[in-house]
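Text of input-v1.cif (mmCIF, C-alpha atoms) as supplied:
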data_coords
#
loop_
_atom_site.label_atom_id
_atom_site.label_comp_id
_atom_site.auth_asym_id
_atom_site.auth_seq_id
_atom_site.Cartn_x
_atom_site.Cartn_y
_atom_site.Cartn_z
CA MET A 1 -47.59 39.44 121.92
CA GLY A 2 -45.88 40.75 125.03
CA TYR A 3 -45.51 37.66 127.18
CA ARG A 4 -44.55 38.43 130.78
CA TYR A 5 -41.04 37.63 132.01
CA ASN A 6 -40.75 37.78 135.80
CA THR A 7 -37.02 38.53 135.90
CA PRO A 8 -34.25 39.63 133.56
CA GLU A 9 -32.56 36.25 134.18
CA MET A 10 -35.68 34.44 133.01
CA LYS A 11 -35.93 36.56 129.88
CA LYS A 12 -32.26 36.03 129.04
CA ALA A 13 -32.46 32.24 129.52
CA ALA A 14 -35.71 31.93 127.54
CA GLU A 15 -34.38 34.01 124.66
CA ALA A 16 -31.21 31.88 124.56
CA VAL A 17 -33.30 28.69 124.33
CA ILE A 18 -35.51 30.23 121.63
CA ASP A 19 -32.41 31.15 119.64
CA ILE A 20 -31.23 27.51 119.80
CA ILE A 21 -34.59 26.19 118.60
CA GLU A 22 -34.99 28.79 115.85
CA LYS A 23 -31.78 27.63 114.19
CA GLU A 24 -33.72 24.55 113.05
CA VAL A 25 -37.43 25.46 113.01
CA GLU A 26 -39.65 28.52 112.76
CA LEU A 27 -41.30 29.62 116.01
CA LYS A 28 -44.39 31.79 116.23
CA GLU A 29 -45.83 33.15 119.48
CA TYR A 30 -49.26 31.70 120.10
CA TYR A 31 -52.13 32.56 122.41
CA LEU A 32 -53.57 29.67 124.43
CA SER A 33 -56.01 30.39 127.25
CA GLY A 34 -54.49 29.81 130.68
CA LEU A 35 -50.95 29.33 129.39
CA GLN A 36 -48.00 31.66 128.82
CA HIS A 37 -44.88 31.32 126.68
CA VAL A 38 -46.59 29.18 124.05
CA TYR A 39 -45.09 28.82 120.56
CA ARG A 40 -46.27 27.27 117.32
CA VAL A 41 -43.52 25.13 115.75
CA ASP A 42 -43.31 25.40 111.95
CA GLY A 43 -47.00 26.34 111.91
CA GLN A 44 -47.98 22.83 113.03
CA TYR A 45 -47.85 22.07 116.76
CA LEU A 46 -47.16 23.80 120.08
CA LEU A 47 -44.42 23.89 122.67
CA ILE A 48 -44.45 25.65 126.04
CA LEU A 49 -41.46 27.20 127.81
CA ARG A 50 -41.17 27.10 131.61
CA TYR A 51 -38.39 28.57 133.77
CA SER A 52 -37.12 27.94 137.31
CA LYS A 53 -34.22 29.12 139.42
CA ASN A 54 -32.05 26.69 141.39
CA LYS A 55 -33.36 26.10 144.91
CA ASP A 56 -30.87 23.87 146.75
CA GLY A 57 -30.38 21.69 143.70
CA HIS A 58 -34.09 21.55 142.82
CA PHE A 59 -36.04 23.32 140.09
CA TYR A 60 -39.79 23.81 140.55
CA PHE A 61 -42.11 24.28 137.57
CA SER A 62 -45.84 24.96 137.59
CA VAL A 63 -48.10 23.22 135.07
CA PRO A 64 -51.66 24.59 134.85
CA PRO A 65 -54.68 22.26 134.36
CA GLU A 66 -55.11 23.56 130.78
CA PHE A 67 -52.02 21.59 129.79
CA LEU A 68 -53.45 18.12 130.42
CA ASN A 69 -54.71 16.23 127.36
CA ASN A 70 -54.26 19.20 125.01
CA LEU A 71 -53.22 17.20 121.94
CA SER A 72 -51.89 20.24 120.08
CA ILE A 73 -49.15 20.68 122.72
CA LYS A 74 -46.29 18.40 121.76
CA HIS A 75 -43.43 19.50 124.03
CA LEU A 76 -42.84 21.13 127.40
CA VAL A 77 -39.45 22.87 127.55
CA LEU A 78 -38.21 23.23 131.14
CA ILE A 79 -35.34 25.71 131.58
CA CYS A 80 -33.33 24.90 134.69
CA GLU A 81 -31.98 28.42 135.36
CA ASP A 82 -29.91 28.69 132.18
CA SER A 83 -29.87 27.42 128.61
CA ALA A 84 -27.18 24.84 129.42
CA HIS A 85 -29.68 22.68 131.34
CA VAL A 86 -32.95 22.34 129.44
CA ILE A 87 -35.41 19.45 129.64
CA VAL A 88 -37.22 18.92 126.32
CA LEU A 89 -40.09 16.75 127.49
CA PRO A 90 -42.70 15.16 125.17
CA SER A 91 -46.11 16.21 126.45
CA SER A 92 -47.34 12.61 126.13
CA GLN A 93 -44.88 11.57 128.85
CA LEU A 94 -46.15 14.24 131.22
CA ASN A 95 -49.81 13.53 130.42
CA ASP A 96 -49.28 9.88 131.38
CA LEU A 97 -47.71 11.02 134.64
CA LEU A 98 -50.40 13.55 135.56
CA GLU A 99 -53.62 11.91 134.40
CA ASP A 100 -54.49 10.23 137.73
CA VAL A 101 -53.11 12.99 139.99
CA GLU A 102 -55.60 15.57 141.28
CA PRO A 103 -54.33 19.12 140.49
CA GLY A 104 -54.22 21.93 143.01
CA THR A 105 -55.98 25.27 142.46
CA LYS A 106 -53.23 26.33 140.05
CA GLY A 107 -52.42 22.93 138.61
CA TRP A 108 -49.41 20.76 139.42
CA THR A 109 -45.88 21.50 140.61
CA LEU A 110 -42.97 19.55 139.12
CA ASP A 111 -39.73 19.07 141.04
CA VAL A 112 -36.76 18.53 138.70
CA TYR A 113 -33.38 17.55 140.18
CA ASP A 114 -30.11 15.79 139.34
CA LYS A 115 -29.80 12.61 141.40
CA GLU A 116 -27.05 10.69 139.61
CA GLY A 117 -29.15 11.39 136.55
CA TRP A 118 -32.02 13.82 136.08
CA GLU A 119 -35.38 12.96 137.61
CA MET A 120 -38.75 14.70 137.78
CA LYS A 121 -41.26 14.25 140.58
CA ILE A 122 -44.80 15.55 140.99
CA VAL A 123 -44.76 17.46 144.26
CA LYS A 124 -46.83 15.86 147.08
CA THR A 125 -46.77 12.48 145.32
CA GLU A 126 -44.30 9.65 144.87
CA LYS A 127 -44.60 9.63 141.06
CA VAL A 128 -41.15 9.98 139.48
CA LEU A 129 -40.10 10.14 135.82
CA TYR A 130 -36.46 9.56 134.83
CA ILE A 131 -35.63 12.29 132.33
CA ASP A 132 -31.87 12.08 131.86
CA ASN A 133 -32.33 11.32 128.15
CA TYR A 134 -34.34 14.50 127.66
CA VAL A 135 -31.66 16.98 128.84
CA ASN A 136 -30.82 19.37 125.99
CA ASP A 137 -32.37 16.96 123.49
CA TYR A 138 -33.66 19.62 121.08
CA ASP A 139 -33.89 17.00 118.33
CA LEU A 140 -37.20 15.98 119.88
CA ILE A 141 -38.65 19.29 118.71
CA PHE A 142 -37.45 19.44 115.14
CA SER A 143 -36.35 15.99 114.04
CA ARG A 144 -37.77 13.33 116.38
CA SER A 145 -39.68 11.80 113.46
CA THR A 146 -39.02 13.03 109.95
CA ALA A 147 -42.09 11.09 108.78
CA LEU A 148 -44.32 13.30 110.95
CA LEU A 149 -42.52 16.59 110.43
CA GLY A 150 -44.99 19.25 109.35
CA LYS A 151 -48.07 17.01 109.49
CA SER A 152 -51.43 18.04 110.92
CA ALA A 153 -54.94 16.63 110.86
CA LEU A 154 -58.25 18.40 110.31
CA LEU A 155 -61.73 17.16 111.18
CA LEU A 156 -64.44 18.96 109.24
CA ILE A 157 -68.18 18.65 109.74
CA CYS A 158 -69.67 19.45 106.33
CA LYS A 159 -72.94 19.50 104.45
CA ASP A 160 -73.70 16.27 102.61
CA LYS A 161 -73.58 17.36 98.99
CA PRO A 162 -71.49 16.69 95.85
CA GLY A 163 -68.21 18.59 95.46
CA VAL A 164 -67.39 19.06 99.15
CA LEU A 165 -64.16 17.04 99.01
CA ARG A 166 -63.14 18.84 95.81
CA ASP A 167 -63.69 22.30 97.32
CA VAL A 168 -61.90 21.47 100.58
CA ALA A 169 -58.95 19.91 98.73
CA GLY A 170 -58.69 23.03 96.58
CA MET A 171 -58.50 25.27 99.64
CA ILE A 172 -55.78 23.09 101.18
CA ALA A 173 -53.79 23.29 97.93
CA LYS A 174 -54.07 27.11 97.97
CA HIS A 175 -52.35 27.08 101.35
CA GLY A 176 -49.49 24.93 100.06
CA GLY A 177 -50.75 21.75 101.68
CA ASN A 178 -50.51 18.19 100.43
CA ILE A 179 -53.18 15.68 101.50
CA THR A 180 -51.56 12.46 102.77
CA TYR A 181 -54.67 10.68 104.06
CA THR A 182 -58.43 11.26 104.05
CA GLN A 183 -61.50 9.50 105.40
CA GLN A 184 -65.11 10.49 104.83
CA PHE A 185 -68.45 9.14 106.02
CA ILE A 186 -72.00 10.29 106.78
CA PHE A 187 -73.12 10.43 110.41
CA ALA A 188 -75.93 7.91 111.00
CA LYS A 189 -76.90 9.20 114.45
CA GLY A 190 -76.23 11.88 117.03
CA GLN A 191 -76.29 15.66 116.78
CA ASN A 192 -74.64 15.59 113.33
CA GLU A 193 -76.93 12.95 111.82
CA GLY A 194 -77.04 13.29 108.03
CA LYS A 195 -73.94 15.47 107.87
CA SER A 196 -70.55 14.54 106.45
CA SER A 197 -67.45 13.85 108.55
CA LEU A 198 -64.30 14.64 106.62
CA TYR A 199 -61.00 13.76 108.30
CA ILE A 200 -57.89 14.90 106.42
CA GLU A 201 -54.18 14.64 107.23
CA VAL A 202 -52.04 17.27 105.52
CA GLU A 203 -48.38 18.21 105.28
CA ASN A 204 -46.40 21.31 104.25
CA VAL A 205 -49.20 23.77 105.03
CA LYS A 206 -47.65 27.23 105.24
CA ASP A 207 -49.77 28.29 108.25
CA ILE A 208 -52.24 25.79 109.67
CA ASP A 209 -54.15 28.48 111.59
CA ASP A 210 -54.76 30.48 108.42
CA LEU A 211 -56.01 27.32 106.70
CA VAL A 212 -58.49 26.62 109.51
CA VAL A 213 -59.89 30.16 109.24
CA ALA A 214 -60.22 29.84 105.46
CA LEU A 215 -62.02 26.48 105.72
CA GLU A 216 -64.42 27.83 108.34
CA LYS A 217 -65.49 30.54 105.90
CA MET A 218 -66.51 28.02 103.24
CA GLY A 219 -70.26 27.64 102.86
CA VAL A 220 -70.17 23.84 102.81
CA VAL A 221 -68.16 23.61 106.05
CA GLU A 222 -69.95 23.87 109.40
CA SER A 223 -67.00 23.37 111.76
CA VAL A 224 -63.25 22.66 111.72
CA THR A 225 -61.12 21.25 114.52
CA LEU A 226 -57.35 20.77 114.48
CA HIS A 227 -55.81 17.50 115.68
CA PRO A 228 -52.49 15.66 115.60
CA PRO A 229 -52.39 12.97 112.90
CA MET A 230 -53.40 9.42 113.77
CA GLU A 231 -49.78 8.28 113.76
CA ARG A 232 -49.08 10.53 116.75
CA ILE A 233 -52.09 9.16 118.65
CA PHE A 234 -52.45 5.47 117.75
CA GLY A 235 -49.14 5.10 115.92
CA SER A 236 -48.07 2.06 113.92
CA ARG A 237 -50.54 -0.82 113.75
CA VAL A 238 -49.83 -4.50 114.39
CA ILE A 239 -52.55 -6.63 112.74
CA ILE A 240 -53.41 -10.09 114.10
CA ILE A 241 -55.74 -12.39 112.11
CA GLY A 242 -56.79 -15.99 112.70
CA GLY A 243 -58.49 -18.30 115.20
CA GLY A 244 -59.88 -16.79 118.38
CA ALA A 245 -57.75 -18.64 120.94
CA GLN A 246 -54.49 -18.16 119.01
CA VAL A 247 -55.29 -14.51 118.21
CA ALA A 248 -55.90 -13.86 121.91
CA GLN A 249 -52.52 -15.30 122.90
CA VAL A 250 -50.64 -13.38 120.20
CA ALA A 251 -52.42 -10.23 121.40
CA VAL A 252 -51.20 -10.85 124.96
CA GLY A 253 -47.59 -10.77 123.78
CA ALA A 254 -48.11 -7.84 121.41
CA ILE A 255 -50.00 -5.66 123.89
CA SER A 256 -47.54 -6.32 126.71
CA GLU A 257 -44.59 -5.42 124.47
CA ALA A 258 -46.36 -2.38 122.99
CA ASP A 259 -47.07 -1.07 126.49
CA ARG A 260 -43.36 -1.20 127.30
CA HIS A 261 -42.45 0.89 124.25
CA ASN A 262 -45.40 3.28 124.51
CA LEU A 263 -44.30 4.20 128.03
CA ARG A 264 -41.09 5.49 126.40
CA GLY A 265 -43.05 7.83 124.16
CA GLU A 266 -43.76 5.58 121.17
CA ARG A 267 -47.22 4.87 119.78
CA ILE A 268 -47.97 1.30 118.72
CA SER A 269 -51.51 -0.12 118.55
CA VAL A 270 -52.70 -3.70 118.16
CA ASP A 271 -55.68 -4.69 115.94
CA THR A 272 -57.22 -8.17 116.05
CA ILE A 273 -59.96 -10.09 114.25
CA PRO A 274 -60.79 -13.78 114.88
CA LEU A 275 -61.98 -15.48 111.69
CA VAL A 276 -62.59 -18.96 110.31
CA GLY A 277 -62.73 -20.17 106.71
CA GLU A 278 -60.20 -19.89 103.91
CA ASP A 279 -62.04 -17.20 101.95
CA ASN A 280 -62.74 -15.05 105.00
CA LEU A 281 -59.11 -15.22 106.08
CA ALA A 282 -57.80 -14.59 102.56
CA ASP A 283 -60.04 -11.52 102.16
CA ALA A 284 -58.80 -10.18 105.50
CA VAL A 285 -55.15 -10.71 104.57
CA GLU A 286 -55.70 -8.96 101.23
CA ALA A 287 -57.31 -6.01 103.01
CA VAL A 288 -54.28 -5.43 105.27
CA LYS A 289 -52.48 -3.51 102.54
CA ARG A 290 -55.40 -1.05 102.53
CA LEU A 291 -55.25 -0.39 106.28
CA HIS A 292 -53.80 2.97 107.21
CA ARG A 293 -50.54 2.74 109.23
CA ALA A 294 -50.48 -1.10 109.22
CA GLN A 295 -46.85 -2.20 109.65
CA ILE A 296 -46.87 -5.95 110.19
CA LEU A 297 -49.28 -8.92 110.06
CA VAL A 298 -49.38 -11.94 112.36
CA LEU A 299 -51.36 -14.99 111.19
CA ALA A 300 -52.49 -17.08 114.15
CA GLY A 301 -54.24 -20.41 113.61
CA SER A 302 -53.95 -24.19 113.36
CA ILE A 303 -54.10 -24.55 109.58
CA MET A 304 -53.87 -21.96 106.78
CA GLY A 305 -53.06 -22.31 103.10
CA GLY A 306 -54.51 -22.03 99.60
CA ARG A 307 -55.80 -18.51 98.86
CA ILE A 308 -54.40 -17.26 102.18
CA SER A 309 -50.86 -18.14 101.10
CA GLU A 310 -51.42 -16.42 97.75
CA GLU A 311 -52.46 -13.21 99.52
CA VAL A 312 -49.44 -13.41 101.85
CA GLN A 313 -47.17 -13.53 98.81
CA LYS A 314 -48.93 -10.45 97.41
CA LEU A 315 -48.34 -8.64 100.71
CA HIS A 316 -44.61 -9.20 100.21
CA ASP A 317 -44.84 -7.08 97.05
CA GLU A 318 -46.31 -4.30 99.22
CA GLY A 319 -43.39 -4.53 101.65
CA MET A 320 -45.58 -5.87 104.47
CA PRO A 321 -43.79 -8.45 106.69
CA VAL A 322 -45.81 -11.46 107.86
CA ILE A 323 -45.23 -13.60 110.95
CA SER A 324 -46.97 -16.99 111.10
CA LEU A 325 -47.54 -19.35 113.97
CA ASN A 326 -46.09 -22.80 113.41
CA MET A 327 -49.19 -24.43 111.91
CA ALA A 328 -50.33 -26.92 109.28
CA GLY A 329 -50.78 -25.70 105.70
CA SER A 330 -48.61 -23.69 103.31
CA VAL A 331 -48.71 -20.30 105.09
CA PRO A 332 -45.58 -21.03 107.21
CA ASP A 333 -43.70 -21.72 103.95
CA VAL A 334 -44.38 -18.20 102.60
CA ALA A 335 -44.25 -16.21 105.86
CA ASP A 336 -41.21 -14.10 106.73
CA LEU A 337 -40.90 -15.66 110.18
CA VAL A 338 -42.47 -18.71 111.85
CA VAL A 339 -42.88 -18.74 115.64
CA THR A 340 -44.30 -21.60 117.71
CA ASP A 341 -45.14 -19.64 120.89
CA PRO A 342 -48.03 -17.20 120.14
CA ILE A 343 -46.99 -14.80 122.91
CA GLN A 344 -43.47 -14.63 121.47
CA ALA A 345 -44.94 -14.07 118.00
CA GLY A 346 -46.80 -11.00 119.27
CA THR A 347 -43.67 -9.76 121.03
CA PHE A 348 -41.57 -10.17 117.87
CA ALA A 349 -44.17 -8.27 115.81
CA VAL A 350 -44.08 -5.24 118.10
CA MET A 351 -40.29 -5.32 118.43
CA HIS A 352 -40.01 -5.14 114.63
CA VAL A 353 -42.22 -2.03 114.58
CA ALA A 354 -40.75 -0.29 117.64
CA LYS A 355 -38.04 2.32 117.17
CA THR A 356 -36.77 1.67 120.71
CA ALA A 357 -36.24 -2.08 120.14
CA VAL A 358 -33.16 -3.80 118.74
CA PHE A 359 -34.84 -6.30 116.42
CA ASP A 360 -35.11 -6.52 112.65
CA ILE A 361 -37.18 -9.22 110.99
CA ASP A 362 -34.94 -9.00 107.90
CA ARG A 363 -32.06 -10.47 109.90
CA VAL A 364 -34.03 -13.61 110.84
CA ARG A 365 -36.21 -13.94 107.74
CA GLY A 366 -37.06 -17.54 106.88
CA LYS A 367 -36.22 -18.92 110.32
CA LYS A 368 -38.45 -20.86 112.72
CA PHE A 369 -38.51 -20.31 116.48
#

Structure rendered as structure tokens:
Amino acid sequence: MGYRYNTPEMKKAAEAVIDIIEKEVELKEYYLSGLQHVYRVDGQYLLILRYSKNKDGHFYFSVPPEFLNNLSIKHLVLICEDSAHVIVLPSSQLNDLLEDVEPGTKGWTLDVYDKEGWEMKIVKTEKVLYIDNYVNDYDLIFSRSTALLGKSALLLICKDKPGVLRDVAGMIAKHGGNITYTQQFIFAKGQNEGKSSLYIEVENVKDIDDLVVALEKMGVVESVTLHPPMERIFGSRVIIIGGGAQVAQVAVGAISEADRHNLRGERISVDTIPLVGEDNLADAVEAVKRLHRAQILVLAGSIMGGRISEEVQKLHDEGMPVISLNMAGSVPDVADLVVTDPIQAGTFAVMHVAKTAVFDIDRVRGKKF
């Protein structure tokens, strides 16, 4: 593709970093408007290489506006003069840092320096990100999450007719892909009213770009857009069901704790529904096992039992942990964990899900707090 290298030193350092990465994953040069040194990783997502020389202990990197909120870009690789000092930064971290900072005519300038630990500052602001953990952490590129390795998502706008899902699935199979999740509905309003929305998450596609081109050529498909899977955007889901006041308090604890972990690069979302009545609650509990990415359930109320307890026991067979508030009824007897404080219950739920927390519900199963 002939990307431009400004100096022989830059070319040498970039090639050394590419050699390190290519020992674990396949890189493919990729064209992205406004950006240079872009690579597709294993045919699935993008990383961008940036280089800077040492200027009195500081390294300055330019980030163009096209970078912000581009969900296909997963990593920014900052080469601090040589391949021995490389910052492998998740793009989500940088997006969070830049989103409320007005860019200059050419974007933003990042100042990276070692101040008893590596830090990164947006020039002309006071916004600082501590990046010591990201130095030479190439695992972020090729093994940060084995569950997500090689996954992509496709959103297709299709004609509403029989056989569309069959034809699309057949094309994905021809490209070596395996469908891991799909959702389909008919638009009821807007510019696509009457058309079909087909969202599909796939893994092991040999070349995602070739698949997109092939799908676009199908007569039943009107448009195709490529996205990261939902797990990379909204992540694991904490489900809270019960009475309105208790649900609200559990949500306070869960959302506060999720925010702490999401700032470190995780993705945890919190879903709530206030309900009354045994049958309504039991139906909701039963439905949790059908929710995509649901990881844990918190039951928040003053009294729950009967059918609700029966559905909680069925959730155990699905491997879904359940936290209950300390309430009347039989639900606390069948829950994995009983917690009196609703805010603490929400905090425990998120800590169980979070990869960056030291908490395992299995170690305290059956206890009351």

When the PyMOL selection byres ((chain A and resi 226-241) around 6) is applied to the structure above, which residues does it catch, written out as JSON, numbers by chain?
{"A": [152, 153, 154, 225, 242, 267, 268, 269, 270, 271, 272, 273, 274, 293, 294, 295, 296, 297, 298, 299]}

Among listed residues A:Leu71, A:Leu315, A:Ile255, A:Cys80, nearest Tyr51 of chain A (using only C-alpha atoms)
A:Cys80

Run the PyMOL selection byres ((chain A and resi 319-335) around 10) on the file and write out the hits as number ranges by chain.
A: 239-242, 246, 250, 285, 288-289, 294-318, 336-342, 344-346, 348-349, 352, 361-362, 365-369

Contacts between segment 96-113 of chain A and segment 232-340 of chain A, please, where a residue of segment 232-340 of chain A counts if it comes within 12 Å (with only C-alpha atoms); show its shortest atom pair and distance in Å to one decimal, rows by chain and ascending number, as CSV.
residue,atom,partner,partner_atom,distance
A:Asn262,CA,A:Asp96,CA,10.3
A:Leu263,CA,A:Asp96,CA,8.3
A:Arg264,CA,A:Asp96,CA,10.5
A:Gly265,CA,A:Asp96,CA,9.8

So that I can check the surroundings of segment 16-23 of chain A, please list as a PyMOL selection string every protein, DNA and RNA residue that reaches within 12 Å of it, counting only C-alpha atoms and ignoring chain neighbours fewer than 4 positions away.
chain A and resi 9-12+27-29+37-42+47-51+77-88+136-143

With all atoms of segment 76-81 of chain A from the file as input, state the centre and edge lengths in Å to one decimal of the axis-aligned box that has 5 Å extra on each side, as AutoDock Vina command-line options.
--center_x -37.4 --center_y 24.8 --center_z 131.4 --size_x 20.9 --size_y 17.3 --size_z 18.0

Given only C-alpha atoms as the basis, pick out the residue of A:Asp160, A:Asp132, A:Leu76, A:Lys174 nearest to Ile208 of chain A.
A:Lys174

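Among the candidates A:Gly176, A:Glu119, A:Met171, A:Ile157, the one nearest to Glu193 of chain A when counting all atoms listed in the file is A:Ile157.
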
What separation in Å, quoted to one decimal, exists between atom CA of Asn54 of chain A and atom CA of Gln93 of chain A?
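Going from atom CA of Asn54 of chain A over to atom CA of Gln93 of chain A covers 23.5 Å.
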